[in-house]
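Asker: So here's start-v7.cif (mmCIF, N, CA and C atoms and all ligand atoms).
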data_target
loop_
_atom_site.label_atom_id
_atom_site.label_comp_id
_atom_site.auth_asym_id
_atom_site.auth_seq_id
_atom_site.Cartn_x
_atom_site.Cartn_y
_atom_site.Cartn_z
N MET A 1 199.61 -6.20 65.98
CA MET A 1 200.14 -5.45 67.12
C MET A 1 199.48 -5.92 68.42
N ARG A 2 198.15 -5.96 68.39
CA ARG A 2 197.40 -6.38 69.57
C ARG A 2 197.75 -7.81 69.97
N ARG A 3 197.96 -8.65 68.94
CA ARG A 3 198.29 -10.06 69.18
C ARG A 3 199.67 -10.17 69.86
N ALA A 4 200.60 -9.37 69.37
CA ALA A 4 201.96 -9.38 69.93
C ALA A 4 201.91 -8.93 71.39
N TYR A 5 201.10 -7.91 71.67
CA TYR A 5 200.96 -7.38 73.04
C TYR A 5 200.41 -8.47 73.96
N LYS A 6 199.35 -9.13 73.46
CA LYS A 6 198.73 -10.21 74.26
C LYS A 6 199.73 -11.33 74.53
N LYS A 7 200.52 -11.64 73.51
CA LYS A 7 201.53 -12.70 73.65
C LYS A 7 202.57 -12.33 74.72
N THR A 8 202.98 -11.06 74.69
CA THR A 8 203.98 -10.59 75.67
C THR A 8 203.41 -10.69 77.08
N ILE A 9 202.17 -10.22 77.24
CA ILE A 9 201.52 -10.26 78.56
C ILE A 9 201.44 -11.71 79.04
N SER A 10 201.02 -12.59 78.13
CA SER A 10 200.87 -13.99 78.48
C SER A 10 202.22 -14.59 78.88
N PHE A 11 203.28 -14.22 78.16
CA PHE A 11 204.62 -14.73 78.50
C PHE A 11 205.05 -14.23 79.87
N LEU A 12 204.84 -12.92 80.11
CA LEU A 12 205.25 -12.34 81.40
C LEU A 12 204.54 -13.05 82.54
N ARG A 13 203.27 -13.39 82.32
CA ARG A 13 202.52 -14.09 83.38
C ARG A 13 203.15 -15.44 83.68
N THR A 14 203.57 -16.14 82.64
CA THR A 14 204.15 -17.48 82.87
C THR A 14 205.47 -17.38 83.65
N THR A 15 206.15 -16.25 83.56
CA THR A 15 207.40 -16.10 84.31
C THR A 15 207.13 -15.65 85.74
N GLY A 16 205.87 -15.28 86.03
CA GLY A 16 205.53 -14.84 87.37
C GLY A 16 205.70 -13.34 87.56
N TYR A 17 206.08 -12.64 86.51
CA TYR A 17 206.25 -11.19 86.60
C TYR A 17 204.90 -10.55 86.90
N CYS A 18 204.89 -9.69 87.91
CA CYS A 18 203.61 -9.06 88.29
C CYS A 18 203.47 -7.72 87.58
N LEU A 19 202.42 -7.60 86.78
CA LEU A 19 202.24 -6.39 85.98
C LEU A 19 201.93 -5.18 86.86
N ARG A 20 201.30 -5.43 88.01
CA ARG A 20 200.92 -4.31 88.89
C ARG A 20 202.13 -3.79 89.66
N THR A 21 202.88 -4.74 90.29
CA THR A 21 204.00 -4.30 91.14
C THR A 21 205.31 -4.21 90.37
N LYS A 22 205.32 -4.76 89.15
CA LYS A 22 206.51 -4.74 88.29
C LYS A 22 207.71 -5.43 88.94
N VAL A 23 207.45 -6.47 89.71
CA VAL A 23 208.55 -7.25 90.27
C VAL A 23 208.32 -8.72 89.98
N ASP A 24 209.41 -9.44 89.89
CA ASP A 24 209.34 -10.89 89.72
C ASP A 24 209.71 -11.48 91.07
N CYS A 25 208.71 -11.95 91.79
CA CYS A 25 208.92 -12.26 93.20
C CYS A 25 208.31 -13.63 93.54
N ILE A 26 209.13 -14.51 94.10
CA ILE A 26 208.69 -15.86 94.42
C ILE A 26 207.57 -15.85 95.47
N PHE A 27 207.65 -14.95 96.46
CA PHE A 27 206.61 -14.95 97.49
C PHE A 27 205.29 -14.37 96.97
N CYS A 28 205.36 -13.46 96.00
CA CYS A 28 204.13 -13.01 95.33
C CYS A 28 203.49 -14.20 94.61
N LYS A 29 204.34 -15.00 93.97
CA LYS A 29 203.82 -16.17 93.23
C LYS A 29 203.20 -17.18 94.19
N ILE A 30 203.85 -17.35 95.36
CA ILE A 30 203.28 -18.27 96.37
C ILE A 30 201.95 -17.71 96.87
N ALA A 31 201.91 -16.40 97.13
CA ALA A 31 200.68 -15.77 97.64
C ALA A 31 199.54 -15.91 96.64
N LYS A 32 199.90 -15.88 95.34
CA LYS A 32 198.86 -16.00 94.29
C LYS A 32 198.62 -17.45 93.89
N LYS A 33 199.28 -18.39 94.61
CA LYS A 33 199.17 -19.83 94.35
C LYS A 33 199.65 -20.22 92.96
N GLU A 34 200.54 -19.40 92.41
CA GLU A 34 201.14 -19.75 91.12
C GLU A 34 202.32 -20.70 91.34
N VAL A 35 202.85 -20.67 92.57
CA VAL A 35 203.90 -21.61 92.98
C VAL A 35 203.37 -22.30 94.23
N SER A 36 203.57 -23.62 94.30
CA SER A 36 202.98 -24.35 95.43
C SER A 36 203.82 -24.21 96.70
N SER A 37 203.13 -24.30 97.82
CA SER A 37 203.79 -24.27 99.13
C SER A 37 202.85 -24.96 100.11
N ASN A 38 203.38 -25.30 101.28
CA ASN A 38 202.52 -25.89 102.30
C ASN A 38 201.96 -24.77 103.17
N VAL A 39 200.74 -24.37 102.83
CA VAL A 39 200.12 -23.22 103.50
C VAL A 39 199.58 -23.66 104.86
N VAL A 40 199.91 -22.88 105.91
CA VAL A 40 199.39 -23.21 107.25
C VAL A 40 198.41 -22.15 107.75
N TYR A 41 198.37 -21.01 107.08
CA TYR A 41 197.40 -19.97 107.45
C TYR A 41 197.19 -19.05 106.25
N GLU A 42 195.95 -18.57 106.13
CA GLU A 42 195.66 -17.61 105.06
C GLU A 42 194.45 -16.77 105.42
N ASP A 43 194.55 -15.47 105.19
CA ASP A 43 193.34 -14.63 105.20
C ASP A 43 193.43 -13.69 103.99
N ASP A 44 192.62 -12.64 103.97
CA ASP A 44 192.61 -11.80 102.76
C ASP A 44 193.92 -11.03 102.57
N GLN A 45 194.69 -10.83 103.64
CA GLN A 45 195.90 -9.99 103.51
C GLN A 45 197.22 -10.72 103.79
N VAL A 46 197.12 -11.86 104.48
CA VAL A 46 198.32 -12.51 105.01
C VAL A 46 198.32 -13.99 104.65
N MET A 47 199.51 -14.53 104.43
CA MET A 47 199.63 -15.98 104.21
C MET A 47 200.84 -16.50 104.99
N ALA A 48 200.74 -17.72 105.49
CA ALA A 48 201.87 -18.35 106.16
C ALA A 48 202.07 -19.73 105.55
N PHE A 49 203.34 -20.07 105.34
CA PHE A 49 203.64 -21.37 104.73
C PHE A 49 204.96 -21.89 105.27
N GLU A 50 205.20 -23.18 105.08
CA GLU A 50 206.44 -23.79 105.57
C GLU A 50 207.63 -23.30 104.77
N ASP A 51 208.71 -23.04 105.47
CA ASP A 51 209.96 -22.67 104.78
C ASP A 51 210.48 -23.91 104.04
N ILE A 52 210.93 -23.69 102.81
CA ILE A 52 211.37 -24.81 101.98
C ILE A 52 212.66 -25.45 102.53
N LYS A 53 213.45 -24.67 103.27
CA LYS A 53 214.73 -25.16 103.81
C LYS A 53 214.76 -24.78 105.29
N PRO A 54 214.04 -25.54 106.12
CA PRO A 54 213.86 -25.12 107.52
C PRO A 54 215.15 -25.00 108.31
N SER A 55 215.22 -23.95 109.13
CA SER A 55 216.37 -23.73 110.01
C SER A 55 216.05 -24.12 111.45
N ALA A 56 214.90 -24.73 111.66
CA ALA A 56 214.47 -25.16 112.99
C ALA A 56 213.47 -26.30 112.79
N PRO A 57 213.19 -27.07 113.86
CA PRO A 57 212.21 -28.16 113.69
C PRO A 57 210.87 -27.65 113.14
N VAL A 58 210.47 -26.44 113.54
CA VAL A 58 209.28 -25.80 112.97
C VAL A 58 209.74 -24.46 112.39
N HIS A 59 209.45 -24.24 111.12
CA HIS A 59 209.90 -22.99 110.48
C HIS A 59 208.85 -22.55 109.46
N TYR A 60 208.09 -21.54 109.83
CA TYR A 60 207.08 -20.98 108.92
C TYR A 60 207.49 -19.57 108.53
N LEU A 61 207.01 -19.16 107.38
CA LEU A 61 207.20 -17.78 106.91
C LEU A 61 205.82 -17.13 106.82
N ILE A 62 205.70 -15.94 107.41
CA ILE A 62 204.43 -15.23 107.37
C ILE A 62 204.63 -13.99 106.51
N VAL A 63 203.82 -13.86 105.48
CA VAL A 63 204.04 -12.80 104.50
C VAL A 63 202.75 -12.01 104.24
N PRO A 64 202.90 -10.73 103.87
CA PRO A 64 201.73 -10.01 103.36
C PRO A 64 201.48 -10.47 101.93
N LYS A 65 200.22 -10.53 101.52
CA LYS A 65 199.94 -10.91 100.12
C LYS A 65 200.38 -9.78 99.18
N GLU A 66 200.30 -8.56 99.69
CA GLU A 66 200.77 -7.41 98.91
C GLU A 66 202.30 -7.43 98.88
N HIS A 67 202.87 -7.06 97.76
CA HIS A 67 204.34 -7.01 97.69
C HIS A 67 204.86 -5.79 98.43
N ILE A 68 205.50 -6.05 99.58
CA ILE A 68 206.23 -5.00 100.32
C ILE A 68 207.65 -5.54 100.41
N GLN A 69 208.62 -4.73 100.05
CA GLN A 69 209.99 -5.28 99.92
C GLN A 69 210.58 -5.73 101.25
N SER A 70 210.45 -4.91 102.28
CA SER A 70 211.05 -5.26 103.58
C SER A 70 210.48 -4.35 104.65
N ILE A 71 210.88 -4.60 105.89
CA ILE A 71 210.48 -3.72 106.99
C ILE A 71 210.89 -2.27 106.69
N ALA A 72 212.02 -2.12 106.03
CA ALA A 72 212.52 -0.77 105.71
C ALA A 72 211.64 -0.05 104.70
N HIS A 73 210.76 -0.79 104.05
CA HIS A 73 209.90 -0.19 103.03
C HIS A 73 208.46 0.00 103.51
N LEU A 74 208.24 -0.19 104.81
CA LEU A 74 206.88 -0.01 105.33
C LEU A 74 206.46 1.45 105.23
N GLU A 75 205.17 1.63 104.95
CA GLU A 75 204.62 2.98 104.93
C GLU A 75 203.49 3.05 105.96
N GLY A 76 203.01 4.26 106.19
CA GLY A 76 201.99 4.48 107.24
C GLY A 76 200.78 3.56 107.12
N ASN A 77 200.38 3.26 105.88
CA ASN A 77 199.18 2.44 105.68
C ASN A 77 199.42 0.95 105.88
N HIS A 78 200.65 0.58 106.30
CA HIS A 78 200.96 -0.84 106.50
C HIS A 78 200.86 -1.27 107.96
N ARG A 79 200.44 -0.35 108.85
CA ARG A 79 200.41 -0.69 110.28
C ARG A 79 199.53 -1.90 110.56
N ASP A 80 198.35 -1.93 109.94
CA ASP A 80 197.40 -3.03 110.19
C ASP A 80 197.96 -4.36 109.71
N ILE A 81 198.58 -4.34 108.55
CA ILE A 81 199.07 -5.59 107.97
C ILE A 81 200.22 -6.14 108.81
N LEU A 82 201.06 -5.26 109.31
CA LEU A 82 202.18 -5.71 110.15
C LEU A 82 201.65 -6.33 111.44
N SER A 83 200.64 -5.70 111.99
CA SER A 83 200.00 -6.22 113.19
C SER A 83 199.40 -7.61 112.91
N LYS A 84 198.77 -7.74 111.75
CA LYS A 84 198.17 -9.05 111.38
C LYS A 84 199.23 -10.13 111.25
N ILE A 85 200.39 -9.75 110.71
CA ILE A 85 201.49 -10.72 110.53
C ILE A 85 201.95 -11.23 111.90
N ILE A 86 202.09 -10.31 112.85
CA ILE A 86 202.58 -10.69 114.18
C ILE A 86 201.53 -11.54 114.91
N TYR A 87 200.27 -11.15 114.79
CA TYR A 87 199.22 -11.97 115.44
C TYR A 87 199.10 -13.34 114.77
N ALA A 88 199.31 -13.39 113.46
CA ALA A 88 199.27 -14.71 112.78
C ALA A 88 200.36 -15.60 113.34
N ALA A 89 201.54 -15.01 113.60
CA ALA A 89 202.66 -15.80 114.16
C ALA A 89 202.28 -16.32 115.54
N LYS A 90 201.73 -15.47 116.35
CA LYS A 90 201.33 -15.87 117.72
C LYS A 90 200.28 -16.99 117.65
N ASP A 91 199.29 -16.82 116.79
CA ASP A 91 198.23 -17.83 116.68
C ASP A 91 198.77 -19.16 116.16
N LEU A 92 199.69 -19.08 115.20
CA LEU A 92 200.29 -20.32 114.67
C LEU A 92 201.10 -21.02 115.75
N ALA A 93 201.85 -20.24 116.53
CA ALA A 93 202.65 -20.82 117.61
C ALA A 93 201.73 -21.56 118.59
N ASN A 94 200.61 -20.95 118.92
CA ASN A 94 199.64 -21.60 119.82
C ASN A 94 199.07 -22.85 119.18
N LYS A 95 198.67 -22.71 117.90
CA LYS A 95 198.04 -23.83 117.20
C LYS A 95 198.98 -25.05 117.14
N PHE A 96 200.27 -24.78 116.94
CA PHE A 96 201.21 -25.89 116.80
C PHE A 96 201.94 -26.21 118.11
N GLY A 97 201.44 -25.65 119.19
CA GLY A 97 201.93 -26.02 120.52
C GLY A 97 203.36 -25.60 120.82
N LEU A 98 203.80 -24.49 120.21
CA LEU A 98 205.15 -24.01 120.49
C LEU A 98 205.14 -23.23 121.80
N LYS A 99 205.93 -23.71 122.76
CA LYS A 99 205.96 -23.00 124.06
C LYS A 99 206.80 -21.73 123.93
N GLY A 100 207.93 -21.88 123.29
CA GLY A 100 208.80 -20.74 123.04
C GLY A 100 209.18 -20.74 121.57
N TYR A 101 209.50 -19.57 121.06
CA TYR A 101 209.82 -19.49 119.62
C TYR A 101 210.56 -18.20 119.33
N LYS A 102 211.08 -18.12 118.12
CA LYS A 102 211.74 -16.91 117.67
C LYS A 102 210.93 -16.31 116.53
N LEU A 103 210.87 -14.99 116.52
CA LEU A 103 210.27 -14.27 115.40
C LEU A 103 211.37 -13.38 114.82
N VAL A 104 211.66 -13.58 113.55
CA VAL A 104 212.81 -12.87 112.95
C VAL A 104 212.41 -12.20 111.64
N PHE A 105 212.72 -10.91 111.54
CA PHE A 105 212.65 -10.20 110.26
C PHE A 105 214.08 -9.92 109.82
N ASN A 106 214.53 -10.47 108.73
CA ASN A 106 215.80 -10.04 108.16
C ASN A 106 215.49 -8.83 107.27
N VAL A 107 216.31 -7.81 107.39
CA VAL A 107 216.02 -6.57 106.65
C VAL A 107 217.21 -6.19 105.78
N GLY A 108 217.00 -6.28 104.48
CA GLY A 108 218.05 -5.88 103.53
C GLY A 108 219.15 -6.93 103.42
N LYS A 109 219.86 -6.82 102.34
CA LYS A 109 220.95 -7.77 102.05
C LYS A 109 221.93 -7.82 103.23
N GLU A 110 222.23 -6.65 103.82
CA GLU A 110 223.19 -6.59 104.92
C GLU A 110 222.64 -7.23 106.19
N GLY A 111 221.31 -7.40 106.23
CA GLY A 111 220.66 -8.04 107.38
C GLY A 111 220.33 -9.49 107.11
N GLY A 112 220.85 -10.00 105.99
CA GLY A 112 220.64 -11.42 105.68
C GLY A 112 219.38 -11.72 104.91
N GLN A 113 218.69 -10.66 104.42
CA GLN A 113 217.46 -10.90 103.65
C GLN A 113 217.82 -11.32 102.23
N VAL A 114 217.29 -12.47 101.84
CA VAL A 114 217.57 -13.01 100.51
C VAL A 114 216.37 -12.79 99.59
N ILE A 115 215.17 -12.99 100.13
CA ILE A 115 213.96 -12.80 99.33
C ILE A 115 213.41 -11.39 99.63
N ASP A 116 213.32 -10.59 98.58
CA ASP A 116 212.91 -9.20 98.75
C ASP A 116 211.39 -9.04 98.78
N HIS A 117 210.76 -9.79 99.65
CA HIS A 117 209.33 -9.65 99.93
C HIS A 117 209.23 -9.84 101.44
N LEU A 118 208.76 -8.83 102.12
CA LEU A 118 208.72 -8.86 103.59
C LEU A 118 208.21 -10.20 104.12
N HIS A 119 208.92 -10.77 105.09
CA HIS A 119 208.45 -12.03 105.69
C HIS A 119 208.95 -12.12 107.12
N LEU A 120 208.11 -12.71 107.94
CA LEU A 120 208.47 -12.95 109.33
C LEU A 120 208.77 -14.45 109.46
N HIS A 121 209.96 -14.76 109.97
CA HIS A 121 210.29 -16.16 110.24
C HIS A 121 209.73 -16.53 111.61
N LEU A 122 208.98 -17.61 111.67
CA LEU A 122 208.54 -18.18 112.96
C LEU A 122 209.31 -19.49 113.12
N LEU A 123 210.18 -19.50 114.13
CA LEU A 123 211.08 -20.65 114.34
C LEU A 123 210.85 -21.23 115.72
N GLY A 124 210.75 -22.53 115.79
CA GLY A 124 210.55 -23.16 117.10
C GLY A 124 210.61 -24.66 117.01
N GLY A 125 210.06 -25.30 118.03
CA GLY A 125 210.00 -26.75 118.05
C GLY A 125 211.20 -27.41 118.71
N TRP A 126 212.04 -26.59 119.40
CA TRP A 126 213.14 -27.19 120.15
C TRP A 126 212.56 -27.61 121.50
N ASN A 127 212.55 -28.91 121.73
CA ASN A 127 211.81 -29.37 122.91
C ASN A 127 212.67 -29.98 124.02
N ASN A 128 213.66 -30.81 123.64
CA ASN A 128 214.41 -31.42 124.72
C ASN A 128 215.55 -30.49 125.19
N LYS A 129 216.09 -30.81 126.40
CA LYS A 129 217.06 -29.91 127.06
C LYS A 129 218.26 -29.61 126.16
N LYS A 130 218.77 -30.68 125.50
CA LYS A 130 219.97 -30.50 124.67
C LYS A 130 219.69 -29.52 123.51
N ASP A 131 218.54 -29.72 122.86
CA ASP A 131 218.20 -28.83 121.73
C ASP A 131 217.97 -27.40 122.20
N ILE A 132 217.32 -27.27 123.37
CA ILE A 132 217.03 -25.92 123.88
C ILE A 132 218.34 -25.18 124.18
N GLU A 133 219.30 -25.91 124.74
CA GLU A 133 220.59 -25.27 125.05
C GLU A 133 221.33 -24.83 123.78
N ALA A 134 221.02 -25.51 122.66
CA ALA A 134 221.72 -25.20 121.40
C ALA A 134 220.95 -24.22 120.51
N VAL A 135 219.83 -23.69 121.02
CA VAL A 135 219.06 -22.75 120.19
C VAL A 135 219.96 -21.57 119.84
N PRO A 136 220.11 -21.29 118.55
CA PRO A 136 221.02 -20.21 118.16
C PRO A 136 220.51 -18.84 118.60
N HIS A 137 221.45 -18.01 119.02
CA HIS A 137 221.09 -16.63 119.32
C HIS A 137 221.25 -15.85 118.03
N PRO A 138 220.28 -14.97 117.65
CA PRO A 138 220.37 -14.30 116.36
C PRO A 138 221.68 -13.54 116.19
N GLY A 139 222.35 -13.84 115.11
CA GLY A 139 223.53 -13.07 114.72
C GLY A 139 224.77 -13.32 115.55
N LEU A 140 224.68 -14.21 116.54
CA LEU A 140 225.84 -14.46 117.40
C LEU A 140 226.19 -15.94 117.36
N ASP A 141 227.48 -16.22 117.34
CA ASP A 141 227.90 -17.61 117.41
C ASP A 141 227.78 -18.05 118.86
N LYS A 142 227.38 -19.29 119.04
CA LYS A 142 227.26 -19.84 120.40
C LYS A 142 228.63 -20.13 120.96
P1 LIG B 1 215.50 -14.48 104.16
O1 LIG B 1 216.93 -14.86 104.20
O2 LIG B 1 215.15 -13.69 102.92
O3 LIG B 1 215.05 -13.80 105.43
O4 LIG B 1 214.69 -15.82 104.14
C1 LIG B 1 214.12 -16.37 103.00
C2 LIG B 1 213.59 -17.73 103.35
O5 LIG B 1 212.76 -18.16 102.31
C3 LIG B 1 214.67 -18.79 103.55
O6 LIG B 1 214.55 -19.37 104.85
C4 LIG B 1 214.39 -19.80 102.44
O7 LIG B 1 214.62 -21.13 102.83
C5 LIG B 1 212.92 -19.54 102.11
N1 LIG B 1 212.55 -19.78 100.72
C6 LIG B 1 213.22 -19.39 99.62
N2 LIG B 1 212.57 -19.76 98.50
C7 LIG B 1 211.47 -20.43 98.92
C8 LIG B 1 210.39 -21.06 98.21
O8 LIG B 1 210.32 -21.09 96.99
N3 LIG B 1 209.42 -21.64 98.97
C9 LIG B 1 209.45 -21.62 100.35
N4 LIG B 1 208.45 -22.23 100.99
N5 LIG B 1 210.45 -21.03 101.03
C10 LIG B 1 211.44 -20.43 100.33
ZN ZN B 2 206.54 -10.09 96.31
#
Output the file's structure in the form of structure tokens.
Ligand code: 5GP
Ligand code: ZN
Answerer:
Amino acid sequence: MRRAYKKTISFLRTTGYCLRTKVDCIFCKIAKKEVSSNVVYEDDQVMAFEDIKPSAPVHYLIVPKEHIQSIAHLEGNHRDILSKIIYAAKDLANKFGLKGYKLVFNVGKEGGQVIDHLHLHLLGGWNNKKDIEAVPHPGLDK
């Protein structure tokens, strides 16, 4: 019995299923370094990494290490972590010399959120006049 239990736990771990949060989440796996990513910032609560399919010349995702589903799922005790996420974005923008940038939270399926782990998109790197004129406005066709 004990052996079967251990085997199940071990299998669940290999799939990335988190026993504590009971979710199978790619960003939790990235935060725990079970899945590789190009990390550009990390502290005890927050991690930032390159988006695998960038929508801008510079595209980072800033996430809490704790599994929070979305902005709509924030609770009172998340104020500090949200503040840290926003400051991490600002610091990264400075570090990478972004003069202007977009910060985007997609919230829920209806808001375009695909990964159900809260993340802030940091988008930028449009430098020449032509690219700047073509910077997409969120949710609106140009
Ligand atoms: P959402 O639409 O949920 O706001 O954005 C999710 C983002 O996560 C997308 O821009 C997508 O390209 C990115 N993404 C999805 N899976 C992975 C992954 O495994 N690694 C990384 N680095 N980015 C991912
Ligand atoms: Zn997660």
Asker: In Å, how far is it from atom C of Ile86 of chain A to atom N of Ala56 of chain A?
Answerer: 19.1 Å
Asker: At most 6 Å is the cut-off: for each residue in chain A with any atom that close to an atom of ligand ZN 2 (chain B), write down the nearest atom pair and the distance in Å rounded to one decimal, counting all atoms listed in the file, chain first then increasing number, as JSON lines.
Answerer:
{"residue": "A:Cys25", "atom": "CA", "partner": "B:ZN2", "partner_atom": "ZN", "distance": 4.5}
{"residue": "A:Ile26", "atom": "N", "partner": "B:ZN2", "partner_atom": "ZN", "distance": 5.6}
{"residue": "A:Phe27", "atom": "C", "partner": "B:ZN2", "partner_atom": "ZN", "distance": 4.5}
{"residue": "A:Cys28", "atom": "N", "partner": "B:ZN2", "partner_atom": "ZN", "distance": 3.6}
{"residue": "A:Lys29", "atom": "N", "partner": "B:ZN2", "partner_atom": "ZN", "distance": 5.9}
{"residue": "A:Glu66", "atom": "C", "partner": "B:ZN2", "partner_atom": "ZN", "distance": 5.6}
{"residue": "A:His67", "atom": "CA", "partner": "B:ZN2", "partner_atom": "ZN", "distance": 4.0}
{"residue": "A:Ile68", "atom": "N", "partner": "B:ZN2", "partner_atom": "ZN", "distance": 5.3}
{"residue": "A:Asp116", "atom": "C", "partner": "B:ZN2", "partner_atom": "ZN", "distance": 5.5}
{"residue": "A:His117", "atom": "CA", "partner": "B:ZN2", "partner_atom": "ZN", "distance": 4.6}
Asker: Within 6.5 Å of ligand LIG 1 (chain B), which residues of chain A show up? Give each one with its shortest atom-to-atom distance in Å (one decimal) and the two atoms involved, counting only N, CA and C atoms and all ligand atoms, rows by chain then rising residue number, as a Markdown table.
Answerer:
| residue | atom | partner | partner_atom | distance |
| --- | --- | --- | --- | --- |
| A:Ile26 | CA | B:LIG1 | O8 | 6.1 |
| A:Ser37 | CA | B:LIG1 | N4 | 5.4 |
| A:Asn38 | N | B:LIG1 | N4 | 5.9 |
| A:Phe49 | C | B:LIG1 | N4 | 5.5 |
| A:Glu50 | C | B:LIG1 | N4 | 4.0 |
| A:Asp51 | C | B:LIG1 | N4 | 4.0 |
| A:Ile52 | N | B:LIG1 | N5 | 3.2 |
| A:Lys53 | N | B:LIG1 | O7 | 3.8 |
| A:Pro54 | N | B:LIG1 | O7 | 5.5 |
| A:Ser55 | N | B:LIG1 | O6 | 6.3 |
| A:Phe105 | C | B:LIG1 | O3 | 5.9 |
| A:Asn106 | CA | B:LIG1 | O3 | 4.7 |
| A:Val107 | N | B:LIG1 | O3 | 6.4 |
| A:Gly112 | C | B:LIG1 | O1 | 4.0 |
| A:Gln113 | C | B:LIG1 | O2 | 3.6 |
| A:Val114 | N | B:LIG1 | O2 | 2.7 |
| A:Ile115 | N | B:LIG1 | O2 | 2.9 |
| A:Asp116 | N | B:LIG1 | O2 | 5.6 |
Asker: As a PyMOL selection string, which residues of chain A does DSSP assign to helix (DSSP H, G or I)?
Answerer: chain A and resi 2-15+26-31+71-73+76-95+109-111+129-133
Asker: Kindly give the distance, in Å, that separates atom CA of Phe96 of chain A and atom CA of Ser83 of chain A, rounded to a single decimal.
Answerer: 20.0 Å
Asker: For the strand (DSSP E) assignment from backbone DSSP, which residues of chain A qualify? Please present them as number ranges by chain.
Answerer: A: 39-42, 46-50, 58-64, 101-104, 120-124
Asker: With N, CA and C atoms retained, write the just-selected residues as an mmCIF file, in the coordinates of the input.
Answerer:
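Okay, this is what ended up in selection29.cif:
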data_model
loop_
_atom_site.group_PDB
_atom_site.id
_atom_site.type_symbol
_atom_site.label_atom_id
_atom_site.label_comp_id
_atom_site.auth_asym_id
_atom_site.auth_seq_id
_atom_site.Cartn_x
_atom_site.Cartn_y
_atom_site.Cartn_z
ATOM 1 N N VAL A 39 200.740 -24.370 102.830
ATOM 2 C CA VAL A 39 200.120 -23.220 103.500
ATOM 3 C C VAL A 39 199.580 -23.660 104.860
ATOM 4 N N VAL A 40 199.910 -22.880 105.910
ATOM 5 C CA VAL A 40 199.390 -23.210 107.250
ATOM 6 C C VAL A 40 198.410 -22.150 107.750
ATOM 7 N N TYR A 41 198.370 -21.010 107.080
ATOM 8 C CA TYR A 41 197.400 -19.970 107.450
ATOM 9 C C TYR A 41 197.190 -19.050 106.250
ATOM 10 N N GLU A 42 195.950 -18.570 106.130
ATOM 11 C CA GLU A 42 195.660 -17.610 105.060
ATOM 12 C C GLU A 42 194.450 -16.770 105.420
ATOM 13 N N VAL A 46 197.120 -11.860 104.480
ATOM 14 C CA VAL A 46 198.320 -12.510 105.010
ATOM 15 C C VAL A 46 198.320 -13.990 104.650
ATOM 16 N N MET A 47 199.510 -14.530 104.430
ATOM 17 C CA MET A 47 199.630 -15.980 104.210
ATOM 18 C C MET A 47 200.840 -16.500 104.990
ATOM 19 N N ALA A 48 200.740 -17.720 105.490
ATOM 20 C CA ALA A 48 201.870 -18.350 106.160
ATOM 21 C C ALA A 48 202.070 -19.730 105.550
ATOM 22 N N PHE A 49 203.340 -20.070 105.340
ATOM 23 C CA PHE A 49 203.640 -21.370 104.730
ATOM 24 C C PHE A 49 204.960 -21.890 105.270
ATOM 25 N N GLU A 50 205.200 -23.180 105.080
ATOM 26 C CA GLU A 50 206.440 -23.790 105.570
ATOM 27 C C GLU A 50 207.630 -23.300 104.770
ATOM 28 N N VAL A 58 210.470 -26.440 113.540
ATOM 29 C CA VAL A 58 209.280 -25.800 112.970
ATOM 30 C C VAL A 58 209.740 -24.460 112.390
ATOM 31 N N HIS A 59 209.450 -24.240 111.120
ATOM 32 C CA HIS A 59 209.900 -22.990 110.480
ATOM 33 C C HIS A 59 208.850 -22.550 109.460
ATOM 34 N N TYR A 60 208.090 -21.540 109.830
ATOM 35 C CA TYR A 60 207.080 -20.980 108.920
ATOM 36 C C TYR A 60 207.490 -19.570 108.530
ATOM 37 N N LEU A 61 207.010 -19.160 107.380
ATOM 38 C CA LEU A 61 207.200 -17.780 106.910
ATOM 39 C C LEU A 61 205.820 -17.130 106.820
ATOM 40 N N ILE A 62 205.700 -15.940 107.410
ATOM 41 C CA ILE A 62 204.430 -15.230 107.370
ATOM 42 C C ILE A 62 204.630 -13.990 106.510
ATOM 43 N N VAL A 63 203.820 -13.860 105.480
ATOM 44 C CA VAL A 63 204.040 -12.800 104.500
ATOM 45 C C VAL A 63 202.750 -12.010 104.240
ATOM 46 N N PRO A 64 202.900 -10.730 103.870
ATOM 47 C CA PRO A 64 201.730 -10.010 103.360
ATOM 48 C C PRO A 64 201.480 -10.470 101.930
ATOM 49 N N TYR A 101 209.500 -19.570 121.060
ATOM 50 C CA TYR A 101 209.820 -19.490 119.620
ATOM 51 C C TYR A 101 210.560 -18.200 119.330
ATOM 52 N N LYS A 102 211.080 -18.120 118.120
ATOM 53 C CA LYS A 102 211.740 -16.910 117.670
ATOM 54 C C LYS A 102 210.930 -16.310 116.530
ATOM 55 N N LEU A 103 210.870 -14.990 116.520
ATOM 56 C CA LEU A 103 210.270 -14.270 115.400
ATOM 57 C C LEU A 103 211.370 -13.380 114.820
ATOM 58 N N VAL A 104 211.660 -13.580 113.550
ATOM 59 C CA VAL A 104 212.810 -12.870 112.950
ATOM 60 C C VAL A 104 212.410 -12.200 111.640
ATOM 61 N N LEU A 120 208.110 -12.710 107.940
ATOM 62 C CA LEU A 120 208.470 -12.950 109.330
ATOM 63 C C LEU A 120 208.770 -14.450 109.460
ATOM 64 N N HIS A 121 209.960 -14.760 109.970
ATOM 65 C CA HIS A 121 210.290 -16.160 110.240
ATOM 66 C C HIS A 121 209.730 -16.530 111.610
ATOM 67 N N LEU A 122 208.980 -17.610 111.670
ATOM 68 C CA LEU A 122 208.540 -18.180 112.960
ATOM 69 C C LEU A 122 209.310 -19.490 113.120
ATOM 70 N N LEU A 123 210.180 -19.500 114.130
ATOM 71 C CA LEU A 123 211.080 -20.650 114.340
ATOM 72 C C LEU A 123 210.850 -21.230 115.720
ATOM 73 N N GLY A 124 210.750 -22.530 115.790
ATOM 74 C CA GLY A 124 210.550 -23.160 117.100
ATOM 75 C C GLY A 124 210.610 -24.660 117.010
#
Asker: In Å, with one decimal, what is the gap from atom CA of Ala72 of chain A to atom CA of Ile30 of chain A?
Answerer: 21.9 Å
Asker: Measuring between only C-alpha atoms, which one of A:His119, A:Lys90, A:Lys109, A:Lys102 shows the shortest distance to Pro57 of chain A?
Answerer: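 Checking each of A:His119, A:Lys90, A:Lys109, A:Lys102 against Pro57 of chain A, counting only C-alpha atoms, the winner is A:Lys102.
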